[in-house]
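Worksheet: one structure, shown below.
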Amino acid sequence: GAVVSQHPSRVICKSGTSVKIECRSLDFQATTMFWYRQFPKKSLMLMATSNEGSKATYEQGVEKDKFLINHASLTLSTLTVTSAHPEDSSFYICSAPRAGTSGRNTGELFFGEGSRLTVL
Amino acid sequence: AQKITQTQPGMFVQEKEAVTLDCTYDTSDPSYGLFWYKQPSSGEMIFLIYQGSYDQQNATEGRYSLNFQKARKSANLVISASQLGDSAMYFCAMRVLFGNEKLTFGTGTRLTIIP
């Protein structure tokens with residue numbers, strides 16, 4: 001079963017509104033979570049690293065005020081797209097590392113199901 | 001900085017045949033991990049296989065194996081006895097082992113299995 005859950009899976013909003021996407025680790029604690037953005041038929045681009053108890057670390061070119069990240073607890077990170085515009089329409093996907101899986105620390109990242117945002 | 005290159009944007013393979021998806025990487029860090037993920041049309045990222053830079057043997061997971069050639073900096077994914085359900089996007093990714101655990105992804109290969 002899923003170990004990282006993302007909600008909502010699909011959201012349609014009007015231009016100018018804000019949208020919040022949640023990412024939860026279900027059976028482990030995640031002090032770090034990663035937020036990716038994927039354009040159609042393109043690769044995943046890291047937007048930011050969400051850190052529990054401290055500010056998120058944004059990748060170059062990502063607007064901090066546009067994409068607000070809050071790591072509220074050890075199992076929850078949220079991404080808020082503020083004042084959304086049609087160009088923000090994309091597939092957003094989060095991931096969280098869980099070390100020590102099956103006795104082998106691969107540092108495997110577990111991904112959420114993704115959230116498809118459409119801004120009208 | 002790390003870089004992943006996948007040179008095959010799309011591949012068509014007959015069902016039950018084996019297929020190799022190419023991946024080359026570049027990093028100056030000696031400790032790294034290589035990953036392959038499958039992304040079906042639903043969008044979820046499904047972990048397939050992992051290879052550590054210090055692993056002596058090539059990783060295998062069921063029908064998936066990773067052909068790791070460290071000197072050539074390649075980490076090709078081999079899928080044996082392909083099935084229709086293998087049709088999806090496949091991403092190669094890497095990260096350094098000590099430090100930030102963020103993954104760097106390649107551009108992906110769209111695999112289509114032909115019945």
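If you're wondering about the labels, chains in the structure tokens are A, B, ... by order shown, residues count from 1 in each chain, ligands from 1 in order shown.
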Practice problem: Show me which bits of chain B are within 7 Å of chain A, counting only C-alpha atoms, as a ChimeraX atom specification. | Solution: /B:43-45,102,105-108
Quiz prompt | Residues within 12 Å of A:Glu87, only C-alpha atoms, excluding chain neighbours under 6 positions, as an MDAnalysis selection string | solution = chainID A and resid 15:16 39 81 117:120
May I have the selected residues written with N, CA and C atoms, as an mmCIF file, in the first residue's frame?
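Here's the written file part.cif:
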```cif
data_model
loop_
_atom_site.group_PDB
_atom_site.id
_atom_site.type_symbol
_atom_site.label_atom_id
_atom_site.label_comp_id
_atom_site.auth_asym_id
_atom_site.auth_seq_id
_atom_site.Cartn_x
_atom_site.Cartn_y
_atom_site.Cartn_z
ATOM 1 N N SER A 15 -8.322 31.305 -11.986
ATOM 2 C CA SER A 15 -7.133 32.135 -11.939
ATOM 3 C C SER A 15 -7.246 33.153 -10.812
ATOM 4 N N GLY A 16 -6.180 33.298 -10.054
ATOM 5 C CA GLY A 16 -6.166 34.249 -8.953
ATOM 6 C C GLY A 16 -6.431 33.640 -7.600
ATOM 7 N N PHE A 39 5.792 18.828 -16.099
ATOM 8 C CA PHE A 39 4.992 19.282 -17.226
ATOM 9 C C PHE A 39 4.672 18.065 -18.094
ATOM 10 N N VAL A 81 -0.097 26.875 -3.833
ATOM 11 C CA VAL A 81 0.134 27.682 -5.031
ATOM 12 C C VAL A 81 -0.710 28.941 -4.875
ATOM 13 N N LEU A 117 -3.005 19.883 -11.184
ATOM 14 C CA LEU A 117 -3.619 21.199 -11.021
ATOM 15 C C LEU A 117 -3.938 21.799 -12.382
ATOM 16 N N THR A 118 -5.184 22.225 -12.516
ATOM 17 C CA THR A 118 -5.605 22.936 -13.723
ATOM 18 C C THR A 118 -6.143 24.291 -13.305
ATOM 19 N N VAL A 119 -5.544 25.332 -13.828
ATOM 20 C CA VAL A 119 -5.980 26.694 -13.508
ATOM 21 C C VAL A 119 -6.685 27.272 -14.727
ATOM 22 N N LEU A 120 -7.929 27.647 -14.534
ATOM 23 C CA LEU A 120 -8.724 28.157 -15.656
ATOM 24 C C LEU A 120 -8.548 29.656 -15.830
#
```
Please produce, as JSON lines, a per-residue contact table for stretch 27-69 of chain B versus stretch 1-16 of chain B (criterion: any atom at most 12 Å away, only C-alpha atoms considered), showing the nearest atom pair and its distance in Å to one decimal, sorted by chain then residue number.
```
{"residue": "B:Thr27", "atom": "CA", "partner": "B:Gln2", "partner_atom": "CA", "distance": 4.8}
{"residue": "B:Ser28", "atom": "CA", "partner": "B:Ala1", "partner_atom": "CA", "distance": 7.6}
{"residue": "B:Asp29", "atom": "CA", "partner": "B:Gln2", "partner_atom": "CA", "distance": 8.6}
{"residue": "B:Pro30", "atom": "CA", "partner": "B:Gln2", "partner_atom": "CA", "distance": 11.5}
{"residue": "B:Ser31", "atom": "CA", "partner": "B:Gln2", "partner_atom": "CA", "distance": 11.8}
{"residue": "B:Tyr32", "atom": "CA", "partner": "B:Gln2", "partner_atom": "CA", "distance": 9.7}
{"residue": "B:Gly33", "atom": "CA", "partner": "B:Gln2", "partner_atom": "CA", "distance": 11.2}
{"residue": "B:Leu34", "atom": "CA", "partner": "B:Ile4", "partner_atom": "CA", "distance": 9.7}
{"residue": "B:Phe35", "atom": "CA", "partner": "B:Ile4", "partner_atom": "CA", "distance": 10.7}
{"residue": "B:Trp36", "atom": "CA", "partner": "B:Ile4", "partner_atom": "CA", "distance": 11.4}
{"residue": "B:Arg63", "atom": "CA", "partner": "B:Lys16", "partner_atom": "CA", "distance": 11.2}
```
Residues of the last selection are to be written out with all heavy atoms, as an mmCIF file, in the first residue's frame.
```cif
data_model
loop_
_atom_site.group_PDB
_atom_site.id
_atom_site.type_symbol
_atom_site.label_atom_id
_atom_site.label_comp_id
_atom_site.auth_asym_id
_atom_site.auth_seq_id
_atom_site.Cartn_x
_atom_site.Cartn_y
_atom_site.Cartn_z
ATOM 1 N N THR B 27 28.649 12.597 -12.353
ATOM 2 C CA THR B 27 28.787 13.174 -11.023
ATOM 3 C C THR B 27 30.250 13.124 -10.626
ATOM 4 O O THR B 27 30.991 12.246 -11.063
ATOM 5 C CB THR B 27 27.941 12.415 -9.990
ATOM 6 O OG1 THR B 27 28.097 13.031 -8.705
ATOM 7 C CG2 THR B 27 28.359 10.956 -9.889
ATOM 8 N N SER B 28 30.638 14.048 -9.793
ATOM 9 C CA SER B 28 32.002 14.051 -9.283
ATOM 10 C C SER B 28 32.062 13.417 -7.894
ATOM 11 O O SER B 28 33.147 13.227 -7.344
ATOM 12 C CB SER B 28 32.541 15.487 -9.218
ATOM 13 O OG SER B 28 31.703 16.291 -8.406
ATOM 14 N N ASP B 29 30.901 13.106 -7.350
ATOM 15 C CA ASP B 29 30.850 12.504 -6.021
ATOM 16 C C ASP B 29 31.055 10.993 -6.137
ATOM 17 O O ASP B 29 30.417 10.354 -6.970
ATOM 18 C CB ASP B 29 29.491 12.794 -5.382
ATOM 19 C CG ASP B 29 29.519 12.666 -3.871
ATOM 20 O OD1 ASP B 29 29.770 11.543 -3.383
ATOM 21 O OD2 ASP B 29 29.294 13.684 -3.193
ATOM 22 N N PRO B 30 31.924 10.398 -5.302
ATOM 23 C CA PRO B 30 32.188 8.957 -5.414
ATOM 24 C C PRO B 30 31.095 8.076 -4.799
ATOM 25 O O PRO B 30 31.024 6.884 -5.074
ATOM 26 C CB PRO B 30 33.499 8.788 -4.647
ATOM 27 C CG PRO B 30 33.474 9.897 -3.637
ATOM 28 C CD PRO B 30 32.798 11.047 -4.318
ATOM 29 N N SER B 31 30.239 8.685 -3.971
ATOM 30 C CA SER B 31 29.196 7.915 -3.292
ATOM 31 C C SER B 31 27.823 8.365 -3.800
ATOM 32 O O SER B 31 27.387 9.476 -3.500
ATOM 33 C CB SER B 31 29.285 8.126 -1.780
ATOM 34 O OG SER B 31 30.561 7.773 -1.293
ATOM 35 N N TYR B 32 27.193 7.489 -4.532
ATOM 36 C CA TYR B 32 25.902 7.868 -5.116
ATOM 37 C C TYR B 32 25.027 6.638 -5.284
ATOM 38 O O TYR B 32 25.492 5.496 -5.190
ATOM 39 C CB TYR B 32 26.088 8.582 -6.460
ATOM 40 C CG TYR B 32 26.950 7.826 -7.445
ATOM 41 C CD1 TYR B 32 26.398 6.886 -8.304
ATOM 42 C CD2 TYR B 32 28.329 8.060 -7.505
ATOM 43 C CE1 TYR B 32 27.188 6.194 -9.198
ATOM 44 C CE2 TYR B 32 29.122 7.371 -8.396
ATOM 45 C CZ TYR B 32 28.561 6.442 -9.243
ATOM 46 O OH TYR B 32 29.345 5.747 -10.125
ATOM 47 N N GLY B 33 23.780 6.900 -5.505
ATOM 48 C CA GLY B 33 22.822 5.826 -5.758
ATOM 49 C C GLY B 33 22.082 6.102 -7.053
ATOM 50 O O GLY B 33 21.802 7.241 -7.401
ATOM 51 N N LEU B 34 21.780 5.041 -7.750
ATOM 52 C CA LEU B 34 21.070 5.128 -9.018
ATOM 53 C C LEU B 34 19.724 4.425 -8.893
ATOM 54 O O LEU B 34 19.640 3.342 -8.308
ATOM 55 C CB LEU B 34 21.898 4.489 -10.123
ATOM 56 C CG LEU B 34 23.227 5.196 -10.394
ATOM 57 C CD1 LEU B 34 24.215 4.255 -11.039
ATOM 58 C CD2 LEU B 34 23.008 6.423 -11.276
ATOM 59 N N PHE B 35 18.698 5.035 -9.428
ATOM 60 C CA PHE B 35 17.341 4.524 -9.290
ATOM 61 C C PHE B 35 16.667 4.453 -10.655
ATOM 62 O O PHE B 35 16.953 5.249 -11.552
ATOM 63 C CB PHE B 35 16.488 5.454 -8.411
ATOM 64 C CG PHE B 35 17.007 5.667 -7.022
ATOM 65 C CD1 PHE B 35 18.063 6.521 -6.762
ATOM 66 C CD2 PHE B 35 16.407 5.023 -5.948
ATOM 67 C CE1 PHE B 35 18.524 6.726 -5.477
ATOM 68 C CE2 PHE B 35 16.859 5.231 -4.652
ATOM 69 C CZ PHE B 35 17.921 6.070 -4.412
ATOM 70 N N TRP B 36 15.729 3.539 -10.763
ATOM 71 C CA TRP B 36 14.817 3.520 -11.890
ATOM 72 C C TRP B 36 13.392 3.545 -11.347
ATOM 73 O O TRP B 36 13.059 2.802 -10.410
ATOM 74 C CB TRP B 36 15.000 2.275 -12.752
ATOM 75 C CG TRP B 36 16.099 2.405 -13.758
ATOM 76 C CD1 TRP B 36 17.407 2.038 -13.612
ATOM 77 C CD2 TRP B 36 15.999 2.945 -15.071
ATOM 78 N NE1 TRP B 36 18.110 2.321 -14.750
ATOM 79 C CE2 TRP B 36 17.268 2.876 -15.673
ATOM 80 C CE3 TRP B 36 14.938 3.489 -15.827
ATOM 81 C CZ2 TRP B 36 17.527 3.310 -16.970
ATOM 82 C CZ3 TRP B 36 15.187 3.925 -17.109
ATOM 83 C CH2 TRP B 36 16.468 3.845 -17.678
ATOM 84 N N ARG B 63 11.864 -9.254 -12.687
ATOM 85 C CA ARG B 63 12.170 -9.148 -14.112
ATOM 86 C C ARG B 63 13.066 -7.964 -14.442
ATOM 87 O O ARG B 63 13.452 -7.784 -15.598
ATOM 88 C CB ARG B 63 10.861 -9.037 -14.911
ATOM 89 C CG ARG B 63 9.984 -10.283 -14.881
ATOM 90 C CD ARG B 63 8.796 -10.176 -15.832
ATOM 91 N NE ARG B 63 7.909 -9.063 -15.503
ATOM 92 C CZ ARG B 63 7.749 -7.995 -16.273
ATOM 93 N NH1 ARG B 63 8.435 -7.875 -17.410
ATOM 94 N NH2 ARG B 63 6.913 -7.033 -15.912
#
```
Practice problem: With a distance cut-off of 8 Å and only C-alpha atoms, select the neighbouring residues of B:Tyr37, excluding the residue or stretch itself and same-chain residues fewer than 3 positions from it, and output the selection as a list in words. | Solution: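 My list of contacting residues is Met45, Ile46, Phe47, Leu48, Ile49, Tyr90, Phe91, Cys92 and Ala93 of chain B.
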Would you mind exporting C-alpha atoms of the selected residues as a compact mmCIF listing (two decimals), in the first residue's frame?
```txt
# COMPACT_ATOMS: atom_id res chain seq x y z
CA MET B 45 6.05 7.03 -9.52
CA ILE B 46 6.77 3.36 -8.92
CA PHE B 47 10.20 2.41 -7.59
CA LEU B 48 11.75 -0.43 -9.59
CA ILE B 49 15.37 -0.93 -8.68
CA TYR B 90 10.63 5.07 -17.26
CA PHE B 91 12.88 7.49 -15.44
CA CYS B 92 16.46 7.00 -14.39
CA ALA B 93 17.52 9.06 -11.38
```
Could you pull out the helix (DSSP H, G or I) residues of chain A from DSSP and send them as a CSV table (one decimal) with C-alpha atoms, in the first residue's frame?
```csv
chain,number,residue,atom,x,y,z
A,86,PRO,CA,-2.9,29.1,-16.1
A,87,GLU,CA,0.8,28.7,-16.5
A,88,ASP,CA,0.9,27.1,-13.0
A,101,THR,CA,13.9,-0.2,4.6
A,102,SER,CA,14.1,-3.9,4.8
A,103,GLY,CA,17.5,-3.7,6.5
```
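The two atoms in question, atom CA of A:Ile69 and atom CA of A:Ser54, are spaced 10.5 Å apart.
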Quiz prompt | Test item: residues at most 7 Å from B:Val19, only C-alpha atoms, excluding those fewer than 3 positions along its chain, as a list in words | solution =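 After dropping sequence-adjacent residues, the list is Val13, Val78, Ile79 and Ser80 of chain B.
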Export of the given selection (N, CA, C and O atoms) as a compact mmCIF listing (two decimals), in the first residue's frame:
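Below you can see selection.txt, which holds the result:
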```
# COMPACT_ATOMS: atom_id res chain seq x y z
N VAL B 13 8.50 -2.35 -28.22
CA VAL B 13 9.05 -3.69 -28.05
C VAL B 13 7.92 -4.71 -28.14
O VAL B 13 6.82 -4.48 -27.60
N VAL B 78 17.28 -3.32 -17.62
CA VAL B 78 16.89 -4.44 -18.49
C VAL B 78 15.60 -5.04 -17.94
O VAL B 78 15.53 -5.40 -16.76
N ILE B 79 14.61 -5.11 -18.79
CA ILE B 79 13.35 -5.75 -18.43
C ILE B 79 13.25 -7.03 -19.24
O ILE B 79 13.27 -7.00 -20.48
N SER B 80 13.16 -8.14 -18.57
CA SER B 80 13.07 -9.42 -19.28
C SER B 80 11.61 -9.79 -19.48
O SER B 80 10.74 -9.38 -18.71
```
Self-check item: Neighbour list for B:Glu17 as a PyMOL selection string, cut-off 10 Å, only C-alpha atoms, skip fewer than 6 positions in-chain
Solution: chain B and resi 79-83+113-114
File of the preceding selection, N, CA, C and O atoms, as a PDB file, in the first residue's frame:
```pdb
ATOM      1  N   ILE B  79      14.607  -5.109 -18.788  1.00  0.00           N
ATOM      2  CA  ILE B  79      13.346  -5.747 -18.428  1.00  0.00           C
ATOM      3  C   ILE B  79      13.251  -7.026 -19.241  1.00  0.00           C
ATOM      4  O   ILE B  79      13.268  -7.001 -20.478  1.00  0.00           O
ATOM      5  N   SER B  80      13.157  -8.143 -18.568  1.00  0.00           N
ATOM      6  CA  SER B  80      13.067  -9.421 -19.276  1.00  0.00           C
ATOM      7  C   SER B  80      11.606  -9.790 -19.478  1.00  0.00           C
ATOM      8  O   SER B  80      10.736  -9.375 -18.713  1.00  0.00           O
ATOM      9  N   ALA B  81      11.350 -10.547 -20.523  1.00  0.00           N
ATOM     10  CA  ALA B  81      10.003 -11.065 -20.787  1.00  0.00           C
ATOM     11  C   ALA B  81       8.950  -9.979 -20.617  1.00  0.00           C
ATOM     12  O   ALA B  81       8.075 -10.057 -19.748  1.00  0.00           O
ATOM     13  N   SER B  82       9.036  -8.970 -21.452  1.00  0.00           N
ATOM     14  CA  SER B  82       8.167  -7.804 -21.298  1.00  0.00           C
ATOM     15  C   SER B  82       6.688  -8.187 -21.381  1.00  0.00           C
ATOM     16  O   SER B  82       6.290  -9.131 -22.077  1.00  0.00           O
ATOM     17  N   GLN B  83       5.899  -7.399 -20.653  1.00  0.00           N
ATOM     18  CA  GLN B  83       4.460  -7.612 -20.582  1.00  0.00           C
ATOM     19  C   GLN B  83       3.746  -6.324 -21.000  1.00  0.00           C
ATOM     20  O   GLN B  83       4.324  -5.239 -20.946  1.00  0.00           O
ATOM     21  N   ILE B 113       4.749  -1.595 -25.200  1.00  0.00           N
ATOM     22  CA  ILE B 113       4.838  -3.025 -25.478  1.00  0.00           C
ATOM     23  C   ILE B 113       3.757  -3.371 -26.497  1.00  0.00           C
ATOM     24  O   ILE B 113       2.569  -3.083 -26.281  1.00  0.00           O
ATOM     25  N   ILE B 114       4.171  -4.001 -27.552  1.00  0.00           N
ATOM     26  CA  ILE B 114       3.260  -4.349 -28.645  1.00  0.00           C
ATOM     27  C   ILE B 114       2.803  -5.799 -28.489  1.00  0.00           C
ATOM     28  O   ILE B 114       3.627  -6.687 -28.326  1.00  0.00           O
TER      29      ILE B 114
END
```
Quiz item: Which of stretch 19-104 of chain A counts as strand (DSSP E) under DSSP, as a ChimeraX atom specification please?
Solution: /A:19-25,32-38,44-51,57-58,67-73,76-81,90-97
Practice problem: For stretch 70-72 of chain B, please output as a VMD selection string all residues within 10 Å (counting only C-alpha atoms; exclusion window: fewer than 5 positions along the same chain). | Solution: chain B and resid 24 to 26 53 to 54
Just to be explicit: take each residue in the selection above, keep all heavy atoms, and write the result as a PDB file, in the first residue's frame.
```
ATOM      1  N   THR B  24      22.812   7.123 -18.783  1.00  0.00           N
ATOM      2  CA  THR B  24      24.170   7.489 -18.397  1.00  0.00           C
ATOM      3  C   THR B  24      24.087   8.625 -17.404  1.00  0.00           C
ATOM      4  O   THR B  24      23.113   9.372 -17.372  1.00  0.00           O
ATOM      5  CB  THR B  24      25.035   7.900 -19.599  1.00  0.00           C
ATOM      6  OG1 THR B  24      24.401   9.008 -20.263  1.00  0.00           O
ATOM      7  CG2 THR B  24      25.209   6.763 -20.573  1.00  0.00           C
ATOM      8  N   TYR B  25      25.108   8.724 -16.583  1.00  0.00           N
ATOM      9  CA  TYR B  25      25.072   9.722 -15.527  1.00  0.00           C
ATOM     10  C   TYR B  25      26.425  10.408 -15.408  1.00  0.00           C
ATOM     11  O   TYR B  25      27.438   9.922 -15.921  1.00  0.00           O
ATOM     12  CB  TYR B  25      24.673   9.073 -14.191  1.00  0.00           C
ATOM     13  CG  TYR B  25      25.634   8.004 -13.722  1.00  0.00           C
ATOM     14  CD1 TYR B  25      26.700   8.311 -12.882  1.00  0.00           C
ATOM     15  CD2 TYR B  25      25.481   6.677 -14.132  1.00  0.00           C
ATOM     16  CE1 TYR B  25      27.582   7.341 -12.467  1.00  0.00           C
ATOM     17  CE2 TYR B  25      26.370   5.700 -13.726  1.00  0.00           C
ATOM     18  CZ  TYR B  25      27.411   6.026 -12.897  1.00  0.00           C
ATOM     19  OH  TYR B  25      28.293   5.058 -12.483  1.00  0.00           O
ATOM     20  N   ASP B  26      26.409  11.514 -14.718  1.00  0.00           N
ATOM     21  CA  ASP B  26      27.640  12.254 -14.498  1.00  0.00           C
ATOM     22  C   ASP B  26      27.609  12.848 -13.103  1.00  0.00           C
ATOM     23  O   ASP B  26      26.639  13.507 -12.724  1.00  0.00           O
ATOM     24  CB  ASP B  26      27.811  13.362 -15.541  1.00  0.00           C
ATOM     25  CG  ASP B  26      29.200  13.979 -15.485  1.00  0.00           C
ATOM     26  OD1 ASP B  26      30.139  13.266 -15.067  1.00  0.00           O
ATOM     27  OD2 ASP B  26      29.351  15.159 -15.849  1.00  0.00           O
ATOM     28  N   SER B  53      26.707   2.979  -5.681  1.00  0.00           N
ATOM     29  CA  SER B  53      27.962   3.110  -6.426  1.00  0.00           C
ATOM     30  C   SER B  53      29.025   2.126  -5.943  1.00  0.00           C
ATOM     31  O   SER B  53      29.966   1.802  -6.670  1.00  0.00           O
ATOM     32  CB  SER B  53      28.497   4.539  -6.327  1.00  0.00           C
ATOM     33  OG  SER B  53      28.720   4.902  -4.968  1.00  0.00           O
ATOM     34  N   TYR B  54      28.884   1.649  -4.710  1.00  0.00           N
ATOM     35  CA  TYR B  54      29.875   0.718  -4.179  1.00  0.00           C
ATOM     36  C   TYR B  54      29.427  -0.732  -4.247  1.00  0.00           C
ATOM     37  O   TYR B  54      30.159  -1.632  -3.818  1.00  0.00           O
ATOM     38  CB  TYR B  54      30.213   1.083  -2.734  1.00  0.00           C
ATOM     39  CG  TYR B  54      30.894   2.438  -2.606  1.00  0.00           C
ATOM     40  CD1 TYR B  54      30.276   3.481  -1.926  1.00  0.00           C
ATOM     41  CD2 TYR B  54      32.141   2.672  -3.176  1.00  0.00           C
ATOM     42  CE1 TYR B  54      30.893   4.718  -1.810  1.00  0.00           C
ATOM     43  CE2 TYR B  54      32.759   3.901  -3.067  1.00  0.00           C
ATOM     44  CZ  TYR B  54      32.135   4.916  -2.378  1.00  0.00           C
ATOM     45  OH  TYR B  54      32.741   6.148  -2.276  1.00  0.00           O
TER      46      TYR B  54
END
```
